[in-house]
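Undergrad: Please see the structure below; I have some questions.
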Amino acid sequence: MPRRNRNSGSGLQRSALNSSRVPSSTGRTSQRDTPQLQYSQQASRDVSDDEFDDAASTASSDAWVMNEDEHIEIGDEWEPLLDTALDALGEKRAAAREKTLQSMLRLMAHTYMGDGLEGRRVMLLEALRRSVRSTKSHVEQERALHGISLWFVNFGTQDEAESEFASVSEQLRVMVVDPAGDSQVRAQALGALGIANFIAGPDFHDAAELAQFVHTQVLDPALESCDMSVALQAFSTLGLLLTVVADGDSLLLENIFNATIDSHMRGLRTDSVDVRISAAQNFALVHSALGANSNYEFDSQDEIVEMLKMLKILQNKSSRRLGKRDSSVQRIAMHRVLRTIEVSDMPELKLKLHGRIVRFGDWTRIVRLQAFRRVLGGGLPVHFARNKLLQDVFEVNFDSTSDDFARNRARVVVNPSSKLAKMRTLELHRQRDGR
């Protein structure tokens, strides 16, 4: 089965990007009062030893600053480190496996592995899947699921990703709908399911089927039970899948959106700021995608009119329960969404990567960026520079021979007191002893 074309310049999105209504991600000037988000980027994210910081929430996206602390460089020595970690995953103690997985996550996020690990890629995936099946530790399951997401980001353009997708997808679906499962584990499984489908799924029809599954089997039950962790991931995953459907069939996108309007309204009424923002962003995403379709009238349906009223209420809402920060975040987010819907004005995200400003000037790119950011965290610059998958998805290229790239090259780094650093030291000792 042919793999899905990830070039976002095709189909409906290409026509939208070429329209004068939508500013290009490559730097076409937007309207004067378009919200501008400036993200400063240094070499690496400051990640604690105890927890891998996979991503900031949607609500905190206005202050994405990565600080560099005292670190050591790994360089090109990641394969021996990964082999050591794989051996350590056989430990009987769950706490030991958790620490090993934490080190693997850092390594897989801050290193692009796609051109290496020949003959052992499936072995790595199988090791992660075994940890996912562990019933002794939710932390182990969460980290292993995050590892599966990272596996598809690293090896998504390789043949192994396509061949392993079906069995991984089946395993993740079972976990996602398990009513007795831990909420954080289910949310992490759903995130892995979404990114795996986006990268290795067959085509936009498969993405549409998964979107309907997420809506009926995950999102609605999560809203009913007020499980905001799962609901937030469900809205985020749904948005990512809708970007794929938008590239393939605008009528199919319209049908899915119409079926989910009520769920998005319920999301706007929850007490979670992050859930409200994620639901609102999906509305802006679909509006911007279908806006080029003259047969679809956004102001002609009662549900959509009601949604617009709710967005305006949330934009102006101030509550002591929210606090100043959450109120400000919600107000800014709703303002961006309403600007898109009312005057077709797109927000613009800017990232400084390797001495170069990369712009994301439409909702499709922004939603996809948020998805990869949740997976990669501080390793995002490394993958933008070296991972062909991200370069194809976002249509960017980096010249590794340029002076700017050499001066601003993101290093693969870890804290010297971390388990990964200790594993590196042990590996160096083994190499010396073997001489």
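Please note that chains go A, B, ... in the order of the structure tokens, that every chain numbers its residues from 1, and that ligands are numbered from 1 in the order shown.
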Could you name the residues that touch Leu172 of chain A at 9 Å or less, counting only C-alpha atoms, but leaving out those on the same chain fewer than 2 positions away, as a list in words?

TA: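 The contact residues come out as Leu145, Ser167, Val168, Ser169, Glu170, Val174, Met175, Val176, Val177, Arg186, Ala189, Leu190, Ala192 and Leu193 of chain A.
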
Undergrad: Can you tell me, as a ChimeraX atom specification, which residues in segment 341-388 of chain A count as strand (DSSP E) by DSSP?

TA: /A:348-353,356-360

Undergrad: What are the nearest atom pairs, with distances in Å to one decimal, for all residues of segment 151-208 of chain A that come at most 10 Å from segment 114-128 of chain A, using only C-alpha atoms, set out by chain and rising residue number as a tab-separated table?

TA:
residue	atom	partner	partner_atom	distance
A:Trp151	CA	A:Leu125	CA	6.9
A:Phe152	CA	A:Leu125	CA	9.2
A:Val153	CA	A:Gly114	CA	8.5
A:Asn154	CA	A:Gly114	CA	5.0
A:Phe155	CA	A:Gly114	CA	4.9
A:Gly156	CA	A:Gly114	CA	7.9
A:Thr157	CA	A:Gly114	CA	7.8
A:Gln158	CA	A:Gly114	CA	7.4
A:Glu160	CA	A:Val122	CA	6.9
A:Ala161	CA	A:Val122	CA	8.7
A:Ser163	CA	A:Val122	CA	9.8
A:Glu164	CA	A:Val122	CA	8.0
A:Val168	CA	A:Leu125	CA	9.2

Undergrad: Write out as a PyMOL selection string the residues lying within 10 Å of Ile277 of chain A, counting only C-alpha atoms and excluding same-chain residues fewer than 6 positions away.

TA: chain A and resi 58-59+232+235-236+267-268+283+311+314+329-334+337

Undergrad: What is the atom CA of Glu98 of chain A-atom CA of Gln188 of chain A distance in Å, reported with one decimal?

TA: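 Interatomic distance here is 15.4 Å.
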
Undergrad: Report, in Å to a single decimal, how far apart atom CA of Gly181 of chain A and atom CA of Ala109 of chain A are.

TA: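 A separation of 26.3 Å between them.
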
Undergrad: Name all residues at most 10 Å from Ala95 of chain A (count only C-alpha atoms; drop same-chain ones fewer than 6 positions away) and give them as a list of chain:residue names.

TA: A:Leu101, A:Lys136, A:Ser137, A:Val139, A:Glu140
